[in-house]
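Visitor: Quick one: the structure is below, and I'll ask about it shortly.
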Amino acid sequence: MRALSALVVLFISTIAFAQQQPPTQPIPPHVPQNTSGAASDSTRDKYKDPRLEDFRVDVDSEGRFKSPLGTPKQMSTLKVSDLPSPNDPPLDIATTVKCATFEAMVVENEKRGGALGKMVPTEVLSAVFPAASSCLARNLLSLSDSKAGFVYADIGAMVDAQIEMDRRQYEELVARYNQLVEKHNALLAVTRNFASQLAATQSDLARQQRINNALTIYQLMPKYSPPQTINIQVTDCTRLPALCVH
């Protein structure tokens, strides 16, 4: 992040220096000149360099927009080849249109609070930094004050891409953490159920052990054996009344 901050300061200083330099653009021969030697305001507006505000990309809520070729495109179907590349010819008009469209989409993404960046595939998001770097180099070489917006958009693309990648990485870590919490809770429920079953089993074993101890003690007690023969004596109380006195 320190290197990116230093890069931003360097770029802003370069743009400030470029804005202090008066643009030297030749006046076309067919442009009429007034007596003071300066072109009129309408002439200036007609021949001024295009600014970033002149480019606009309309993206609907589902991420559909029109590509520079006029064909419909969707943010979720973007490919790395759709972004500007350092290998593109720097003076080619197609490269200019590609960078301008890319930078206009960056501005639209910031207006929507990063909603467009959330639709971009991860492999395309990782290619935003080199794409913005190539467009940034082209804009800095012109040293024109009209390129300030483009330069800021290129720097914003780098920052926004890093923020979005960090957000996705954070969400991935949160998802993994939630999965670990769910597994932990499931294991904890199984452990508690096992502990409850174990406690019930131990209680049953203790009760059975008490019964076994009582049976063992009963088995160790001496056995009572009744006499095998019984002698019965019959007394005639009429003859011996004294023996029948209770």
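Convention: chains lettered A, B, ... in structure tokens order; per-chain residue numbering from 1; ligands numbered from 1 as shown.
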Write out as a PyMOL selection string the residues lying within 9 Å of A:Asp49, counting only C-alpha atoms and excluding same-chain residues fewer than 5 positions away.

Guide: chain A and resi 144+146-147

Visitor: So, with only C-alpha atoms as the atoms that count, which of A:Glu53, A:Asp160, A:Glu182, A:Glu62 lies closest to A:Phe129?

Guide: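 Closest candidate: A:Asp160.
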
Visitor: Going by DSSP on the backbone, which bits of stretch 30-198 of chain A are strand (DSSP E or B)? Write them as an NGL selection string, please.

Guide: :A and (64-66 or 72-74)

Visitor: Would you work out the distance separating atom CA of A:Gly63 from atom CA of A:Met75, expressed in Å to one decimal?

Guide: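 These two atoms are separated by 5.2 Å.
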
Visitor: How far is it from atom CA of A:Ala153 to atom CA of A:Leu91, in Å with one decimal?

Guide: 19.8 Å

Visitor: From the list A:Leu116, A:Leu125, A:Leu141, A:Cys135, which residue is nearest A:Cys99 when using only C-alpha atoms?

Guide: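 Between A:Leu116, A:Leu125, A:Leu141, A:Cys135, the residue approaching A:Cys99 most closely is A:Cys135.
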
Visitor: What separation in Å, quoted to one decimal, exists between atom CA of A:Ala157 and atom CA of A:Ala132?

Guide: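 The value is 6.5 Å.
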